[in-house]
$ cat model-v4.cif   # mmCIF, N, CA and C atoms and all ligand atoms
data_coords
#
loop_
_atom_site.label_atom_id
_atom_site.label_comp_id
_atom_site.auth_asym_id
_atom_site.auth_seq_id
_atom_site.Cartn_x
_atom_site.Cartn_y
_atom_site.Cartn_z
N GLY A 1 76.00 -17.12 50.11
CA GLY A 1 76.60 -18.15 49.29
C GLY A 1 77.65 -17.58 48.38
N SER A 2 78.34 -18.53 47.73
CA SER A 2 79.41 -18.10 46.81
C SER A 2 78.83 -17.73 45.45
N ASP A 3 79.64 -17.17 44.56
CA ASP A 3 79.19 -16.73 43.23
C ASP A 3 78.76 -17.91 42.35
N ASP A 4 79.31 -19.15 42.53
CA ASP A 4 78.99 -20.32 41.69
C ASP A 4 77.52 -20.75 41.83
N GLU A 5 76.86 -20.37 42.92
CA GLU A 5 75.48 -20.84 43.12
C GLU A 5 74.48 -20.10 42.22
N LEU A 6 74.91 -19.01 41.58
CA LEU A 6 73.99 -18.26 40.72
C LEU A 6 73.88 -18.94 39.35
N GLN A 7 72.78 -19.67 39.15
CA GLN A 7 72.57 -20.39 37.87
C GLN A 7 71.81 -19.50 36.89
N THR A 8 72.29 -19.51 35.65
CA THR A 8 71.63 -18.66 34.64
C THR A 8 70.74 -19.47 33.70
N ASN A 9 70.94 -20.82 33.65
CA ASN A 9 70.09 -21.69 32.81
C ASN A 9 70.06 -21.28 31.34
N ILE A 10 71.18 -20.91 30.78
CA ILE A 10 71.26 -20.61 29.35
C ILE A 10 71.70 -21.88 28.63
N VAL A 11 70.88 -22.36 27.68
CA VAL A 11 71.21 -23.53 26.88
C VAL A 11 71.45 -23.07 25.45
N VAL A 12 72.61 -23.40 24.94
CA VAL A 12 72.91 -23.07 23.55
C VAL A 12 72.69 -24.32 22.73
N GLN A 13 71.73 -24.27 21.81
CA GLN A 13 71.44 -25.43 20.98
C GLN A 13 72.40 -25.46 19.80
N ALA A 14 73.08 -26.58 19.64
CA ALA A 14 74.04 -26.71 18.55
C ALA A 14 73.33 -26.69 17.21
N ARG A 15 72.21 -27.41 17.12
CA ARG A 15 71.45 -27.48 15.86
C ARG A 15 70.02 -26.99 16.13
N PRO A 16 69.76 -25.75 15.86
CA PRO A 16 68.43 -25.20 16.16
C PRO A 16 67.32 -26.01 15.48
N LYS A 17 66.27 -26.26 16.21
CA LYS A 17 65.13 -27.02 15.67
C LYS A 17 64.27 -26.12 14.80
N THR A 18 64.60 -26.06 13.53
CA THR A 18 63.76 -25.31 12.60
C THR A 18 62.91 -26.33 11.87
N ARG A 19 61.87 -25.87 11.23
CA ARG A 19 60.98 -26.76 10.51
C ARG A 19 60.55 -26.06 9.23
N ARG A 20 60.82 -26.70 8.10
CA ARG A 20 60.37 -26.10 6.84
C ARG A 20 58.85 -26.13 6.80
N PRO A 21 58.22 -25.03 6.39
CA PRO A 21 56.76 -25.03 6.34
C PRO A 21 56.24 -25.92 5.22
N ALA A 22 55.05 -26.48 5.42
CA ALA A 22 54.39 -27.23 4.35
C ALA A 22 54.13 -26.27 3.20
N MET A 23 54.27 -26.75 1.97
CA MET A 23 54.08 -25.89 0.80
C MET A 23 52.83 -26.33 0.02
N TYR A 24 52.20 -25.35 -0.59
CA TYR A 24 50.93 -25.58 -1.30
C TYR A 24 50.98 -24.99 -2.70
N LYS A 25 50.52 -25.80 -3.66
CA LYS A 25 50.40 -25.32 -5.04
C LYS A 25 49.10 -24.53 -5.17
N VAL A 26 49.18 -23.39 -5.87
CA VAL A 26 47.95 -22.72 -6.28
C VAL A 26 47.65 -23.19 -7.70
N LEU A 27 46.50 -23.83 -7.87
CA LEU A 27 46.10 -24.39 -9.17
C LEU A 27 45.03 -23.52 -9.81
N MET A 28 45.17 -23.30 -11.12
CA MET A 28 44.18 -22.56 -11.90
C MET A 28 43.39 -23.59 -12.70
N LEU A 29 42.07 -23.43 -12.73
CA LEU A 29 41.21 -24.37 -13.44
C LEU A 29 40.66 -23.74 -14.72
N ASN A 30 40.54 -24.56 -15.75
CA ASN A 30 39.97 -24.07 -17.00
C ASN A 30 38.46 -23.92 -16.89
N ASP A 31 37.90 -23.03 -17.68
CA ASP A 31 36.45 -22.93 -17.89
C ASP A 31 36.24 -22.43 -19.31
N ASP A 32 34.97 -22.41 -19.76
CA ASP A 32 34.71 -22.05 -21.16
C ASP A 32 34.51 -20.55 -21.38
N TYR A 33 34.47 -19.75 -20.31
CA TYR A 33 34.02 -18.36 -20.44
C TYR A 33 35.04 -17.28 -20.10
N THR A 34 35.94 -17.55 -19.17
CA THR A 34 36.90 -16.51 -18.78
C THR A 34 37.81 -16.18 -19.97
N PRO A 35 37.93 -14.90 -20.32
CA PRO A 35 38.79 -14.54 -21.46
C PRO A 35 40.26 -14.90 -21.18
N MET A 36 40.92 -15.38 -22.21
CA MET A 36 42.34 -15.72 -22.09
C MET A 36 43.14 -14.54 -21.56
N GLU A 37 42.83 -13.35 -22.05
CA GLU A 37 43.57 -12.15 -21.64
C GLU A 37 43.43 -11.87 -20.14
N PHE A 38 42.25 -12.17 -19.59
CA PHE A 38 42.04 -11.97 -18.14
C PHE A 38 42.92 -12.92 -17.34
N VAL A 39 43.02 -14.17 -17.77
CA VAL A 39 43.85 -15.16 -17.06
C VAL A 39 45.32 -14.75 -17.11
N VAL A 40 45.75 -14.28 -18.26
CA VAL A 40 47.14 -13.79 -18.39
C VAL A 40 47.37 -12.62 -17.44
N HIS A 41 46.43 -11.71 -17.37
CA HIS A 41 46.53 -10.56 -16.47
C HIS A 41 46.66 -11.00 -15.00
N VAL A 42 45.84 -11.95 -14.61
CA VAL A 42 45.86 -12.48 -13.23
C VAL A 42 47.23 -13.08 -12.91
N LEU A 43 47.77 -13.83 -13.84
CA LEU A 43 49.08 -14.48 -13.62
C LEU A 43 50.21 -13.45 -13.51
N GLU A 44 50.10 -12.39 -14.28
CA GLU A 44 51.10 -11.31 -14.19
C GLU A 44 50.96 -10.55 -12.87
N ARG A 45 49.72 -10.23 -12.53
CA ARG A 45 49.47 -9.37 -11.38
C ARG A 45 49.71 -10.05 -10.03
N PHE A 46 49.22 -11.28 -9.88
CA PHE A 46 49.27 -11.93 -8.56
C PHE A 46 50.39 -12.96 -8.43
N PHE A 47 50.95 -13.39 -9.56
CA PHE A 47 51.97 -14.44 -9.49
C PHE A 47 53.31 -14.01 -10.09
N GLN A 48 53.44 -12.71 -10.39
CA GLN A 48 54.70 -12.13 -10.86
C GLN A 48 55.24 -12.86 -12.09
N LYS A 49 54.36 -13.31 -12.95
CA LYS A 49 54.81 -13.97 -14.19
C LYS A 49 55.05 -12.92 -15.27
N THR A 50 56.02 -13.21 -16.14
CA THR A 50 56.18 -12.36 -17.33
C THR A 50 55.03 -12.64 -18.27
N ARG A 51 54.86 -11.78 -19.26
CA ARG A 51 53.80 -11.96 -20.26
C ARG A 51 53.93 -13.35 -20.92
N ASP A 52 55.15 -13.74 -21.27
CA ASP A 52 55.38 -15.03 -21.93
C ASP A 52 55.07 -16.21 -20.99
N GLU A 53 55.54 -16.12 -19.75
CA GLU A 53 55.27 -17.18 -18.76
C GLU A 53 53.77 -17.30 -18.53
N ALA A 54 53.11 -16.16 -18.36
CA ALA A 54 51.68 -16.14 -18.08
C ALA A 54 50.90 -16.75 -19.25
N THR A 55 51.30 -16.41 -20.47
CA THR A 55 50.63 -16.95 -21.66
C THR A 55 50.81 -18.47 -21.73
N ASN A 56 52.02 -18.94 -21.44
CA ASN A 56 52.27 -20.39 -21.47
C ASN A 56 51.43 -21.13 -20.43
N ILE A 57 51.35 -20.58 -19.22
CA ILE A 57 50.56 -21.23 -18.15
C ILE A 57 49.07 -21.23 -18.54
N MET A 58 48.59 -20.07 -19.02
CA MET A 58 47.18 -19.96 -19.43
C MET A 58 46.85 -20.98 -20.51
N LEU A 59 47.72 -21.10 -21.52
CA LEU A 59 47.47 -22.05 -22.62
C LEU A 59 47.52 -23.50 -22.12
N HIS A 60 48.43 -23.77 -21.17
CA HIS A 60 48.50 -25.11 -20.56
C HIS A 60 47.18 -25.44 -19.87
N VAL A 61 46.65 -24.49 -19.10
CA VAL A 61 45.38 -24.70 -18.39
C VAL A 61 44.24 -24.87 -19.40
N HIS A 62 44.24 -24.05 -20.43
CA HIS A 62 43.21 -24.10 -21.48
C HIS A 62 43.17 -25.48 -22.14
N LYS A 63 44.35 -26.06 -22.39
CA LYS A 63 44.43 -27.35 -23.08
C LYS A 63 44.27 -28.55 -22.15
N ARG A 64 44.87 -28.47 -20.94
CA ARG A 64 44.92 -29.64 -20.06
C ARG A 64 43.90 -29.60 -18.93
N GLY A 65 43.30 -28.41 -18.67
CA GLY A 65 42.25 -28.32 -17.67
C GLY A 65 42.69 -27.74 -16.34
N VAL A 66 43.99 -27.85 -16.03
CA VAL A 66 44.50 -27.36 -14.75
C VAL A 66 45.99 -27.06 -14.89
N GLY A 67 46.47 -26.10 -14.12
CA GLY A 67 47.89 -25.77 -14.16
C GLY A 67 48.33 -25.09 -12.88
N VAL A 68 49.64 -25.10 -12.64
CA VAL A 68 50.22 -24.55 -11.41
C VAL A 68 50.61 -23.08 -11.63
N CYS A 69 50.08 -22.21 -10.78
CA CYS A 69 50.43 -20.78 -10.81
C CYS A 69 51.67 -20.48 -9.98
N GLY A 70 51.87 -21.29 -8.92
CA GLY A 70 53.01 -21.07 -8.03
C GLY A 70 52.88 -21.95 -6.80
N VAL A 71 53.93 -21.98 -5.98
CA VAL A 71 53.96 -22.79 -4.76
C VAL A 71 54.31 -21.87 -3.59
N PHE A 72 53.49 -21.91 -2.54
CA PHE A 72 53.59 -20.96 -1.43
C PHE A 72 53.28 -21.65 -0.10
N THR A 73 53.56 -20.94 1.00
CA THR A 73 53.08 -21.41 2.30
C THR A 73 51.55 -21.32 2.30
N TYR A 74 50.93 -21.99 3.25
CA TYR A 74 49.46 -22.05 3.28
C TYR A 74 48.81 -20.66 3.28
N GLU A 75 49.29 -19.79 4.16
CA GLU A 75 48.67 -18.46 4.27
C GLU A 75 48.80 -17.65 2.99
N VAL A 76 49.96 -17.69 2.37
CA VAL A 76 50.18 -16.95 1.12
C VAL A 76 49.32 -17.56 0.01
N ALA A 77 49.29 -18.90 -0.07
CA ALA A 77 48.50 -19.58 -1.10
C ALA A 77 47.02 -19.21 -0.97
N GLU A 78 46.49 -19.26 0.25
CA GLU A 78 45.09 -18.90 0.51
C GLU A 78 44.81 -17.46 0.08
N SER A 79 45.75 -16.57 0.39
CA SER A 79 45.61 -15.16 0.04
C SER A 79 45.58 -14.96 -1.47
N LYS A 80 46.42 -15.69 -2.20
CA LYS A 80 46.43 -15.61 -3.68
C LYS A 80 45.08 -16.05 -4.23
N VAL A 81 44.56 -17.18 -3.72
CA VAL A 81 43.27 -17.70 -4.19
C VAL A 81 42.18 -16.67 -3.96
N THR A 82 42.15 -16.08 -2.78
CA THR A 82 41.14 -15.06 -2.45
C THR A 82 41.24 -13.87 -3.40
N GLN A 83 42.46 -13.39 -3.64
CA GLN A 83 42.64 -12.22 -4.52
C GLN A 83 42.19 -12.53 -5.95
N VAL A 84 42.55 -13.72 -6.45
CA VAL A 84 42.16 -14.11 -7.81
C VAL A 84 40.65 -14.23 -7.92
N MET A 85 40.04 -14.93 -6.95
CA MET A 85 38.59 -15.16 -7.01
C MET A 85 37.81 -13.85 -6.85
N ASP A 86 38.32 -12.94 -6.02
CA ASP A 86 37.66 -11.63 -5.85
C ASP A 86 37.68 -10.84 -7.16
N LEU A 87 38.85 -10.79 -7.80
CA LEU A 87 38.95 -10.03 -9.06
C LEU A 87 38.08 -10.68 -10.14
N ALA A 88 38.07 -12.02 -10.20
CA ALA A 88 37.25 -12.73 -11.18
C ALA A 88 35.77 -12.41 -10.96
N ARG A 89 35.33 -12.47 -9.71
CA ARG A 89 33.92 -12.19 -9.38
C ARG A 89 33.56 -10.75 -9.74
N GLN A 90 34.45 -9.80 -9.41
CA GLN A 90 34.20 -8.39 -9.76
C GLN A 90 34.00 -8.20 -11.25
N ASN A 91 34.68 -9.04 -12.04
CA ASN A 91 34.60 -8.92 -13.50
C ASN A 91 33.61 -9.93 -14.11
N GLN A 92 32.88 -10.61 -13.24
CA GLN A 92 31.85 -11.58 -13.64
C GLN A 92 32.40 -12.72 -14.50
N HIS A 93 33.61 -13.16 -14.16
CA HIS A 93 34.20 -14.32 -14.82
C HIS A 93 34.12 -15.51 -13.86
N PRO A 94 33.88 -16.71 -14.40
CA PRO A 94 33.74 -17.88 -13.52
C PRO A 94 35.07 -18.55 -13.13
N LEU A 95 36.18 -17.86 -13.38
CA LEU A 95 37.51 -18.41 -13.11
C LEU A 95 37.62 -18.97 -11.69
N GLN A 96 38.14 -20.18 -11.60
CA GLN A 96 38.31 -20.84 -10.30
C GLN A 96 39.77 -21.18 -10.09
N CYS A 97 40.23 -21.00 -8.88
CA CYS A 97 41.53 -21.57 -8.51
C CYS A 97 41.44 -22.16 -7.11
N THR A 98 42.38 -23.02 -6.81
CA THR A 98 42.32 -23.79 -5.58
C THR A 98 43.74 -24.09 -5.11
N ILE A 99 43.86 -24.62 -3.90
CA ILE A 99 45.19 -25.00 -3.42
C ILE A 99 45.27 -26.50 -3.20
N GLU A 100 46.49 -27.01 -3.31
CA GLU A 100 46.73 -28.45 -3.11
C GLU A 100 48.08 -28.59 -2.43
N LYS A 101 48.12 -29.38 -1.38
CA LYS A 101 49.38 -29.60 -0.66
C LYS A 101 50.38 -30.31 -1.59
N THR A 102 51.64 -29.86 -1.54
CA THR A 102 52.66 -30.48 -2.43
C THR A 102 53.15 -31.80 -1.82
N1 LIG A 201 39.14 -21.64 -21.84
C1 LIG A 201 39.08 -20.20 -21.78
C2 LIG A 201 38.69 -19.64 -23.14
O1 LIG A 201 38.69 -20.36 -24.12
C3 LIG A 201 40.44 -19.59 -21.38
C4 LIG A 201 40.87 -19.96 -19.99
C5 LIG A 201 42.16 -20.39 -19.75
C6 LIG A 201 39.97 -19.90 -18.92
C7 LIG A 201 42.59 -20.71 -18.47
C8 LIG A 201 40.37 -20.24 -17.62
O2 LIG A 201 42.11 -20.94 -16.14
C9 LIG A 201 41.68 -20.63 -17.41
N2 LIG A 201 38.33 -18.36 -23.19
#
$ encode --input "model-v4.cif" --output "structure tokens" --more "lines below"
Ligand code: TYC
Amino acid sequence: GSDDELQTNIVVQARPKTRRPAMYKVLMLNDDYTPMEFVVHVLERFFQKTRDEATNIMLHVHKRGVGVCGVFTYEVAESKVTQVMDLARQNQHPLQCTIEKT
């Protein structure tokens, strides 16, 4: 056969089908026992907050009962919750955090 019969089947998509991932808030919950300083430490260590940002978030949670630590993809959010809860348990603090779809 001639050279034209060789099909390569290459399709160039003009607009690639990308999909933004679902995002999840990591929420910190207030309790009566976890030291304020520990919560500030957690926010600095796992959520890259400055001392001032961490203090503001901690005080917001202390007063209102719940606050947002950050917004992440599902896997990252789950990982943050696990790391926070592990450190809290190691230090015998009842600190709880959870995720919520945005
Ligand atoms: N309420 C705690 C206290 O008075 C402080 C605290 C703040 C605990 C935020 C948990 O997510 C929390 N020691």
$ residues_near_ligand --input "model-v4.cif" --ligand "ligand LIG 201 (chain A)" --cutoff "5 Å" --atoms "all atoms listed in the file" --output "PyMOL selection string"
chain A and resi 28-36+58+61-62
$ atom_distance --input "model-v4.cif" --atom1 "atom N of Gln92 (chain A)" --atom2 "atom C of Met23 (chain A)"
28.7 Å
$ closest_residue --input "model-v4.cif" --among "A:Asn9, A:Cys69, A:Leu27, A:Gln90" --to "Gln48 (chain A)" --atoms "all atoms listed in the file"
A:Cys69
$ axis_aligned_box --input "model-v4.cif" --around "region 44-57 of chain A" --padding-each-side "8 Å" --output "lines of an AutoDock Vina configuration file"
center_x = 52.6
center_y = -15.3
center_z = -15.2
size_x = 23.1
size_y = 27.9
size_z = 29.5
$ residues_around --input "model-v4.cif" --residues "Val71 (chain A)" --least-positions-apart "2" --cutoff "7 Å" --atoms "only N, CA and C atoms" --output "ChimeraX atom specification"
/A:23-26,68-69,73,77
$ atom_distance --input "model-v4.cif" --atom1 "CA of Arg20 (chain A)" --atom2 "CA of Met85 (chain A)"
28.0 Å
$ select_by_dssp --input "model-v4.cif" --residues "chain A" --states "alpha helix (DSSP H)" --output "MDAnalysis selection string"
chainID A and resid 36:47 51:64 74:90
$ select_by_dssp --input "model-v4.cif" --residues "chain A" --states "strand (DSSP E)" --output "list in words"
Met23, Tyr24, Lys25, Val26, Leu27, Met28, Leu29, Val66, Gly67, Val68, Cys69, Gly70, Val71, Phe72, Thr73, Gln96, Cys97, Thr98, Ile99, Glu100 and Lys101 of chain A
$ atom_distance --input "model-v4.cif" --atom1 "atom C of Leu43 (chain A)" --atom2 "atom N of Tyr74 (chain A)"
18.8 Å
$ residues_around --input "model-v4.cif" --residues "Val40 (chain A)" --least-positions-apart "3" --cutoff "10 Å" --atoms "only C-alpha atoms" --output "list in words"
Pro35, Met36, Glu37, Leu43, Glu44, Arg45, Lys49, Thr50, Arg51, Asp52, Glu53, Ala54, Thr55, Asn56, Ile57, Met58 and Leu59 of chain A
